[in-house]
Amino acid sequence: MQPKRKVKISTPAETAAGLKSIQTVAYRIWEETHIGKGVKTLFKLNQPEGLDCPSCAWPDPDAKDVSKIAEYCENGAKAIAWESSVNKIEASFFQQHSINDLLEKSDHWLEKQGRLTQPMVIREDQDHYSPISWKDAFNLLAEKLQALDHPDQAIFYTSGRTSNEAAFLYQCFVRQFGTNNLPDCSNMCHEASGKALTETVGIGKASVILNDIPKAELLIVMGQNPGTNAPRMLTAMEKLKQNGGKIVSVNPLPETGLLQFRNPQKPWGFIGKPTAIHDLHLQVKVNGDLPLLKALLKLLLEAEKLQPGKVFDQAFILEKTSGYQALISHLEQLNLKELIQETGVPESHVRELAEMLIAKKRIIIAWAMGITQHRNAENTIREIVNILLVKGSIGKAGAGTLPVRGHSNVQGDRTMGIWEKMPKSFMQRLGKVFDFQPPEKEGVHAVGAIHAMAEGKAKIFMGMGGNFALAAPDTAKVFDGLKQCTLTLHVSTKLNRSHLIHGKTALILPCLGRTESDISSLGPQFVTTEDTAGRVRMSHGDLEPVSPTLKSEVGIICDMARAVLGKSNTSDWEGMKENYDLIREKIEAVIPGFERYNENVRKIGGFYLPNGAREMKFNTPDRKAQLTINPLNPTRQPETPFILMTVRSHDQFNTSIYGYDDRYRGISNSREVVMMNTDDMKNYNCTAGDLVKLTSIFAGKKRVLEGFQVVPYNIPSGCLSVYFPEGNVLVALDNNSVESHCPASKYIEVFLEKLSDGRDR
Ligand SMILES: Nc1nc2c(c(=O)[nH]1)N[C@H]1C(S)=C(S)[C@@H](COP(=O)(O)OP(=O)(O)OC[C@H]3O[C@@H](n4cnc5c(=O)[nH]c(N)nc54)[C@H](O)[C@@H]3O)O[C@H]1N2
Ligand SMILES: Nc1nc2c(c(=O)[nH]1)N[C@H]1C(S)=C(S)[C@@H](COP(=O)(O)OP(=O)(O)OC[C@H]3O[C@@H](n4cnc5c(=O)[nH]c(N)nc54)[C@H](O)[C@@H]3O)O[C@H]1N2
Ligand SMILES: [Mo]
């Protein structure tokens with residue numbers, strides 16, 4: 001057996017960003033856009049009146065803090081270059097390439113072919129996509145939807161790049177059609193954060209804003225790789241360090257962005273001395289976080305007993321929280337040594353972090369997928385909240401919760417109603433404003449959608465952006481489900497695997513990207529987005545669209561709604577399509593916090609949505625923040641030797657694979673690798689480059705990934721790491737979080753078997 005691409009291994013980088021990141025940006029922009037186009041866009045990026053970067057959801061600086069140079073990062077720039085590619089896919093491309101031919105190509109190759117430019121269809125027994133007019137495409141969709149026995153047989157997925165305006169209209173259309181089947185990428189991302197935070201502090205979003213970070217005395221970054229996935233966060237972390245704050249990372253991997261940083265925004269930042277980022281790294285075992293947090297709480301409690309009132313914020317606890325006594329009794333029953341042993345972290349490090357927590361009052365805890373993509377994710381997040389609450393560290397400057405969102409508008413999409421179970425108050429207002437009776441039955445989430453398709457209960461799958469076939473867990477099962485559908489339809493900018501793993505009939509509807517100008521018969525329109533900190537701002541693209549045939553997402557939804565809803569139509573789809581201010585008026589009428597939306601969003605920097613936790617007002621049933629008791633991790637199958645996590649490389653945006661180099665980790669030329677501890681390698685008689693087979697067994701069923709190359713890596717013994725989405729074949733559909741059904745993509749129990757020697761090849 002030979003690997004498809006032979007991995008090259010070098011020493012992981014010690015410093016994030018710097019000169020190399022500028023060179024990488026310059027190269028990518030040149031390669032994709034031939035300079036002019038991409039550079040023009042970069043200078044508008046994340047400026048108060050410019051474009052909201054389509055990459056991650058990290059907040060932008062306030063207008064007064066924005067320098068004249070662009071606020072961008074290497075990976076934001078790559079996302080821009082990738083979207084504004086000069087390459088195009090036209091009808092002739094599909095004449096040349098059959099589905100089977102395209103299925104042989106890599107995911108990198110598919111997106112690299114450039115932007116989709118015209119609607120395409122493939123019908124039963126055909127093996128090539130062919131062009132279809134917009135009108136016929138909408139009529140075909142209408143015909144298929146109307147032929148269903150019940151609206152719940154259709155599923156309407158959303159990825160997180162969709163604007164507020166498009167997301168609001170989309171959910172409105174779907175609910176008028178008659179279903180709440182609105183799964184989204186958030187179901188596989190921060191769903192657990194939303195749930196655990198809403199229960200404990202009354203709002204499922206971050207309680208801090210960008211300006212809080214430099215004010216914190218201690219920032220703990222858990223299960224997040226900011227250097228790659230939210231690089232602009234490093235600028236805020238650098239400021240925190242300059243103000244004397246401390247940073248602690250909790251991660252099975254020593255991620256480069258958490259070690260040192262050279263700020264590429266500063267004129268000579270890339271040649272001067274780098275800023276050291278973390279003061280302490282706790283190298284936890286995968287999912288060692290919950291016992292770690294409990295151990296920390298226990299150490300804090302011991303210290304509080306010695307110096308009452310000096311460690312805990314007793315006034316805050318008394319006035320603002322419920323559940324203190326129960327939590328204390330629970331902690332007293334736990335055994336510190338056992339907890340520490342479960343974390344995999346040396347006791348001295350746990351004690352060092354506890355000392356920092358004891359001494360500090362303004363603490364922020366940030367987290368991302370390393371915490372949420374676990375079976376017990378909600379428990380871990382509630383434990384994070386426990387620590388912040390006993391310290392009184394929420395609702396004041398420089399203190400609070402920071403779940404770092406992924407996609408650039410994933411938080412806004414949820415605010416707009418993209419959720420399978422929106423609260424009654426929202427549904428009532430929606431029904432009133434649009435004069436219809438919204439469906440009451442709860443819809444399916446992402447995992448539920450796959451079950452529904454696989455069991456034949458759902459027959460139509462529509463994706464508003466995204467790449468569901470690859471992003472979802474249990475690849476084989478998703479593929480089967482999608483293939484059984486009568487219709488699959490995707491509104492997309494680039495070709496991806498979800499277009500190839502298709503239903504009996506399939507449609508591709510190409511749309512404008514965020515970087516492109518969106519001009520209706522009434523003139524230029526802009527859209528709005530919400531970032532991780534809950535700020536809503538406008539975003540203008542100003543590149544010429546890659547093709548005049550493209551429609552905006554808003555335009556597509558309005559035309560679709562008119563075709564599908566026909567006479568039962570209660571909305572002014574035509575008016576809203578031409579004038580996005582009319583959509584914002586409706587959003588204002590339905591969703592609290594959007595008062596004078598059109599006026600406020602035109603102000604430089606936009607506006608913040610209300611956030612009770614930020615003001616120490618907890619919107620829970622007893623109006624207090626909840627201290628909770630969370631059971632320890634469920635026991636794993638004792639015989640499985642490894643826990644595997646799936647992570648992103650430095651050269652991808654989710655399933656969009658920009659290239660094969662994970663520069664910071666020193667892994668290049670291949671993504672088919674497994675990062676492995678050197679002691680484990682010895683035990684398995686493995687050397688670098690050996691090919692191995694990984695097998696996960698869940699509920700008696702085996703799933704296999706073969707031919708991956710071993711990379712010796714600084715990862716705890718007993719833990720392995722592969723890249724997402726390649727690792728998704730190993731994630732069993734029902735291996736998900738108990739409470740919010742987020743796939744446990746970071747907790748896959750596996751066996752490893754050596755197949756052949758790297759040295760022989
Ligand atoms: N350039 C770029 N930017 C992106 C994305 C992208 O793909 N590319 N994706 C966007 C999206 S949608 C999202 S959700 C975010 C994702 O941002 P991240 O959450 O940073 O992404 P992952 O690569 O999944 O990284 C998870 C981190 O958690 C660690 N980890 C894994 N398991 C555990 C564990 O059990 N405990 C702890 N403490 N740590 C663990 C991993 O080592 C890794 O450092 O980024 C967004 N931004
Ligand atoms: N094993 C494992 N699985 C995971 C994860 C993991 O860490 N491990 N992470 C999960 C997470 S956090 C997430 S968020 C999901 C991501 O899942 P998705 O959001 O479904 O996937 P993306 O890769 O972000 O989608 C990429 C596609 O979106 C389309 N696109 C890009 N821009 C636009 C646009 O402006 N408009 C429209 N309409 N389409 C556009 C392009 O065609 C592109 O091919 O994956 C999840 N799956
Ligand atoms: Mo995400």
# chains A, B, ... in the order shown; residues from 1 in each chain; ligands from 1
$ residues_near_ligand --ligand "ligand 2" --cutoff "7 Å" --atoms "only C-alpha atoms and all ligand atoms" --output "ChimeraX atom specification"
/A:111,159-162,185-186,188-189,369,406-407,464-468,471-473,491-496,511-514,553,646-648,653-656,724-725,727-728,731,745-746
$ select_by_dssp --residues "region 345-537 of chain A" --states "alpha helix (DSSP H)" --output "number ranges by chain"
A: 347-359, 369-372, 377-390, 410-415, 424-434, 446-454, 468-471, 475-484, 497-500
$ residues_around --residues "Thr620 (chain A)" --least-positions-apart "4" --cutoff "10 Å" --atoms "only C-alpha atoms" --output "list in words"
Thr198, Glu199, Thr200, Val201, Gly202, Ile203, Lys624, Ala625 and Gln626 of chain A
$ residues_around --residues "Trp82 (chain A)" --least-positions-apart "2" --cutoff "12 Å" --atoms "only C-alpha atoms" --output "PyMOL selection string"
chain A and resi 25+27-34+37-38+54-55+75-80+84-88+108+111-115+493-494+513-515+651-653+656-659
$ residues_around --residues "Leu140 (chain A)" --least-positions-apart "2" --cutoff "10 Å" --atoms "only C-alpha atoms" --output "MDAnalysis selection string"
chainID A and resid 121 134:138 142:146 487 505:507 563:564
$ residues_around --residues "Thr475 (chain A)" --least-positions-apart "5" --cutoff "12 Å" --atoms "only C-alpha atoms" --output "compact mmCIF listing (two decimals) with C-alpha atoms, in the first residue's frame"
# COMPACT_ATOMS: atom_id res chain seq x y z
CA VAL A 447 -27.68 14.13 13.52
CA ILE A 450 -29.00 11.99 8.85
CA ALA A 454 -31.14 7.07 6.16
CA ASN A 467 -20.73 20.87 2.59
CA PHE A 468 -22.94 18.59 4.63
CA ALA A 469 -21.74 15.33 3.06
CA LEU A 470 -18.21 15.90 4.35
CA ASP A 480 -26.27 6.72 1.93
CA GLY A 481 -28.86 9.14 3.26
CA LEU A 482 -28.16 11.82 0.66
CA ARG A 497 -18.46 16.69 -2.44
CA SER A 498 -22.05 17.42 -1.44
CA ILE A 501 -23.03 12.57 -3.43
CA ARG A 703 -15.57 1.90 11.03
CA VAL A 704 -12.16 1.90 9.35
CA LEU A 705 -9.65 4.45 8.05
CA PHE A 724 -11.15 16.89 9.88
CA PRO A 725 -12.90 16.02 7.53
CA GLU A 726 -10.81 12.94 6.68
CA GLY A 727 -11.46 11.53 10.16
CA ASN A 728 -15.25 11.78 9.89
CA VAL A 729 -15.58 8.23 8.57
CA LEU A 730 -14.67 7.08 12.09
CA VAL A 731 -17.27 9.17 13.95
CA ALA A 732 -20.32 7.04 14.65
CA LEU A 733 -23.55 8.96 14.14
$ residues_around --residues "Met462 (chain A)" --least-positions-apart "4" --cutoff "7 Å" --atoms "only C-alpha atoms" --output "PDB file with N, CA and C atoms, in the first residue's frame"
ATOM      1  N   ILE A 155     -35.604  18.684   4.424  1.00  0.00           N
ATOM      2  CA  ILE A 155     -34.632  19.185   5.397  1.00  0.00           C
ATOM      3  C   ILE A 155     -33.916  20.394   4.799  1.00  0.00           C
ATOM      4  N   PHE A 156     -33.803  21.452   5.589  1.00  0.00           N
ATOM      5  CA  PHE A 156     -33.194  22.687   5.094  1.00  0.00           C
ATOM      6  C   PHE A 156     -32.012  23.076   5.975  1.00  0.00           C
ATOM      7  N   TYR A 157     -30.824  22.666   5.542  1.00  0.00           N
ATOM      8  CA  TYR A 157     -29.588  22.895   6.316  1.00  0.00           C
ATOM      9  C   TYR A 157     -29.030  24.296   6.031  1.00  0.00           C
ATOM     10  N   THR A 488     -31.639  16.576  -3.979  1.00  0.00           N
ATOM     11  CA  THR A 488     -30.698  17.323  -3.140  1.00  0.00           C
ATOM     12  C   THR A 488     -30.386  18.624  -3.867  1.00  0.00           C
ATOM     13  N   LEU A 489     -30.268  19.684  -3.124  1.00  0.00           N
ATOM     14  CA  LEU A 489     -30.071  21.001  -3.723  1.00  0.00           C
ATOM     15  C   LEU A 489     -29.099  21.788  -2.869  1.00  0.00           C
ATOM     16  N   HIS A 490     -28.139  22.450  -3.491  1.00  0.00           N
ATOM     17  CA  HIS A 490     -27.186  23.255  -2.734  1.00  0.00           C
ATOM     18  C   HIS A 490     -27.030  24.646  -3.320  1.00  0.00           C
TER      19      HIS A 490
END
$ closest_residue --among "A:His190, A:Lys4, A:Lys360, A:Lys432" --to "ligand 1" --atoms "only C-alpha atoms and all ligand atoms"
A:His190
$ closest_residue --among "A:Val404, A:Val673, A:Ile583, A:Val444" --to "ligand 3" --atoms "only C-alpha atoms and all ligand atoms"
A:Val404
$ closest_residue --among "A:Ile9, A:Ala589, A:Ala230, A:Cys172" --to "ligand 3" --atoms "only C-alpha atoms and all ligand atoms"
A:Ala230
$ atom_distance --atom1 "CA of Ala17 (chain A)" --atom2 "CA of Arg262 (chain A)"
5.7 Å
$ select_by_dssp --residues "region 243-397 of chain A" --states "strand (DSSP E)" --output "list in words"
Lys246, Ile247, Val248, Ser249, Val250, Gln260, Phe261, Arg262, Thr275, Ala276, Leu280, His281, Leu282, Thr321, Ser322, Ile363, Ile364, Ile365, Ala366 and Trp367 of chain A
$ closest_residue --among "A:His650, A:Arg382, A:His150, A:Lys457" --to "ligand 1" --atoms "only C-alpha atoms and all ligand atoms"
A:His650
$ closest_residue --among "A:Val345, A:Ala446, A:Leu500, A:Ile519" --to "Asn100 (chain A)" --atoms "only C-alpha atoms"
A:Leu500
$ closest_residue --among "A:Asp531, A:Gln2, A:Leu565, A:Thr415" --to "Cys53 (chain A)" --atoms "only C-alpha atoms"
A:Asp531
$ atom_distance --atom1 "CA of Met233 (chain A)" --atom2 "CA of Glu347 (chain A)"
29.2 Å
$ decode --residues "region 505-532 of chain A" --atoms "N, CA and C atoms" --output "PDB file, in the first residue's frame"
ATOM      1  N   THR A 505     -32.510  13.393  -8.174  1.00  0.00           N
ATOM      2  CA  THR A 505     -32.330  14.628  -8.941  1.00  0.00           C
ATOM      3  C   THR A 505     -31.520  15.556  -8.057  1.00  0.00           C
ATOM      4  N   ALA A 506     -30.661  16.388  -8.673  1.00  0.00           N
ATOM      5  CA  ALA A 506     -29.885  17.325  -7.840  1.00  0.00           C
ATOM      6  C   ALA A 506     -29.731  18.652  -8.552  1.00  0.00           C
ATOM      7  N   LEU A 507     -29.716  19.714  -7.756  1.00  0.00           N
ATOM      8  CA  LEU A 507     -29.538  21.064  -8.299  1.00  0.00           C
ATOM      9  C   LEU A 507     -28.361  21.736  -7.607  1.00  0.00           C
ATOM     10  N   ILE A 508     -27.602  22.504  -8.397  1.00  0.00           N
ATOM     11  CA  ILE A 508     -26.583  23.390  -7.813  1.00  0.00           C
ATOM     12  C   ILE A 508     -27.016  24.808  -8.164  1.00  0.00           C
ATOM     13  N   LEU A 509     -27.244  25.634  -7.157  1.00  0.00           N
ATOM     14  CA  LEU A 509     -27.600  27.027  -7.413  1.00  0.00           C
ATOM     15  C   LEU A 509     -26.438  27.912  -6.955  1.00  0.00           C
ATOM     16  N   PRO A 510     -25.750  28.565  -7.904  1.00  0.00           N
ATOM     17  CA  PRO A 510     -24.552  29.327  -7.541  1.00  0.00           C
ATOM     18  C   PRO A 510     -24.928  30.718  -7.024  1.00  0.00           C
ATOM     19  N   CYS A 511     -24.236  31.154  -5.991  1.00  0.00           N
ATOM     20  CA  CYS A 511     -24.591  32.471  -5.428  1.00  0.00           C
ATOM     21  C   CYS A 511     -23.380  33.386  -5.341  1.00  0.00           C
ATOM     22  N   LEU A 512     -23.664  34.659  -5.126  1.00  0.00           N
ATOM     23  CA  LEU A 512     -22.611  35.656  -4.909  1.00  0.00           C
ATOM     24  C   LEU A 512     -21.894  35.330  -3.609  1.00  0.00           C
ATOM     25  N   GLY A 513     -20.626  35.643  -3.543  1.00  0.00           N
ATOM     26  CA  GLY A 513     -19.893  35.517  -2.282  1.00  0.00           C
ATOM     27  C   GLY A 513     -19.941  36.845  -1.540  1.00  0.00           C
ATOM     28  N   ARG A 514     -19.502  36.816  -0.291  1.00  0.00           N
ATOM     29  CA  ARG A 514     -19.543  38.030   0.545  1.00  0.00           C
ATOM     30  C   ARG A 514     -18.680  39.151  -0.029  1.00  0.00           C
ATOM     31  N   THR A 515     -17.624  38.785  -0.796  1.00  0.00           N
ATOM     32  CA  THR A 515     -16.717  39.813  -1.331  1.00  0.00           C
ATOM     33  C   THR A 515     -17.298  40.556  -2.534  1.00  0.00           C
ATOM     34  N   GLU A 516     -18.397  40.032  -3.099  1.00  0.00           N
ATOM     35  CA  GLU A 516     -18.881  40.605  -4.364  1.00  0.00           C
ATOM     36  C   GLU A 516     -19.985  41.633  -4.164  1.00  0.00           C
ATOM     37  N   SER A 517     -20.065  42.592  -5.075  1.00  0.00           N
ATOM     38  CA  SER A 517     -21.106  43.612  -4.938  1.00  0.00           C
ATOM     39  C   SER A 517     -22.459  42.985  -5.271  1.00  0.00           C
ATOM     40  N   ASP A 518     -23.457  43.428  -4.528  1.00  0.00           N
ATOM     41  CA  ASP A 518     -24.805  42.866  -4.635  1.00  0.00           C
ATOM     42  C   ASP A 518     -25.702  44.032  -5.040  1.00  0.00           C
ATOM     43  N   ILE A 519     -26.038  44.079  -6.325  1.00  0.00           N
ATOM     44  CA  ILE A 519     -26.768  45.254  -6.829  1.00  0.00           C
ATOM     45  C   ILE A 519     -28.148  44.826  -7.325  1.00  0.00           C
ATOM     46  N   SER A 520     -29.194  45.399  -6.720  1.00  0.00           N
ATOM     47  CA  SER A 520     -30.558  45.068  -7.154  1.00  0.00           C
ATOM     48  C   SER A 520     -31.047  46.186  -8.076  1.00  0.00           C
ATOM     49  N   SER A 521     -32.301  46.100  -8.510  1.00  0.00           N
ATOM     50  CA  SER A 521     -32.820  47.134  -9.408  1.00  0.00           C
ATOM     51  C   SER A 521     -32.852  48.493  -8.710  1.00  0.00           C
ATOM     52  N   LEU A 522     -32.782  48.486  -7.373  1.00  0.00           N
ATOM     53  CA  LEU A 522     -32.801  49.757  -6.643  1.00  0.00           C
ATOM     54  C   LEU A 522     -31.398  50.247  -6.287  1.00  0.00           C
ATOM     55  N   GLY A 523     -30.382  49.514  -6.703  1.00  0.00           N
ATOM     56  CA  GLY A 523     -29.010  49.937  -6.404  1.00  0.00           C
ATOM     57  C   GLY A 523     -28.319  48.965  -5.472  1.00  0.00           C
ATOM     58  N   PRO A 524     -27.104  49.350  -5.013  1.00  0.00           N
ATOM     59  CA  PRO A 524     -26.307  48.431  -4.184  1.00  0.00           C
ATOM     60  C   PRO A 524     -26.998  48.096  -2.863  1.00  0.00           C
ATOM     61  N   GLN A 525     -26.959  46.851  -2.494  1.00  0.00           N
ATOM     62  CA  GLN A 525     -27.513  46.404  -1.208  1.00  0.00           C
ATOM     63  C   GLN A 525     -26.361  45.915  -0.340  1.00  0.00           C
ATOM     64  N   PHE A 526     -26.523  45.999   0.973  1.00  0.00           N
ATOM     65  CA  PHE A 526     -25.510  45.424   1.859  1.00  0.00           C
ATOM     66  C   PHE A 526     -26.187  44.411   2.778  1.00  0.00           C
ATOM     67  N   VAL A 527     -25.386  43.553   3.405  1.00  0.00           N
ATOM     68  CA  VAL A 527     -25.947  42.596   4.361  1.00  0.00           C
ATOM     69  C   VAL A 527     -25.349  42.872   5.739  1.00  0.00           C
ATOM     70  N   THR A 528     -25.838  42.156   6.742  1.00  0.00           N
ATOM     71  CA  THR A 528     -25.320  42.361   8.096  1.00  0.00           C
ATOM     72  C   THR A 528     -24.983  41.009   8.725  1.00  0.00           C
ATOM     73  N   THR A 529     -24.053  41.068   9.692  1.00  0.00           N
ATOM     74  CA  THR A 529     -23.608  39.843  10.371  1.00  0.00           C
ATOM     75  C   THR A 529     -23.444  40.126  11.859  1.00  0.00           C
ATOM     76  N   GLU A 530     -23.379  39.060  12.649  1.00  0.00           N
ATOM     77  CA  GLU A 530     -23.150  39.198  14.099  1.00  0.00           C
ATOM     78  C   GLU A 530     -21.887  38.422  14.465  1.00  0.00           C
ATOM     79  N   ASP A 531     -20.980  39.030  15.207  1.00  0.00           N
ATOM     80  CA  ASP A 531     -19.744  38.329  15.552  1.00  0.00           C
ATOM     81  C   ASP A 531     -19.855  37.625  16.908  1.00  0.00           C
ATOM     82  N   THR A 532     -18.746  36.989  17.304  1.00  0.00           N
ATOM     83  CA  THR A 532     -18.691  36.246  18.565  1.00  0.00           C
ATOM     84  C   THR A 532     -19.106  37.084  19.775  1.00  0.00           C
TER      85      THR A 532
END
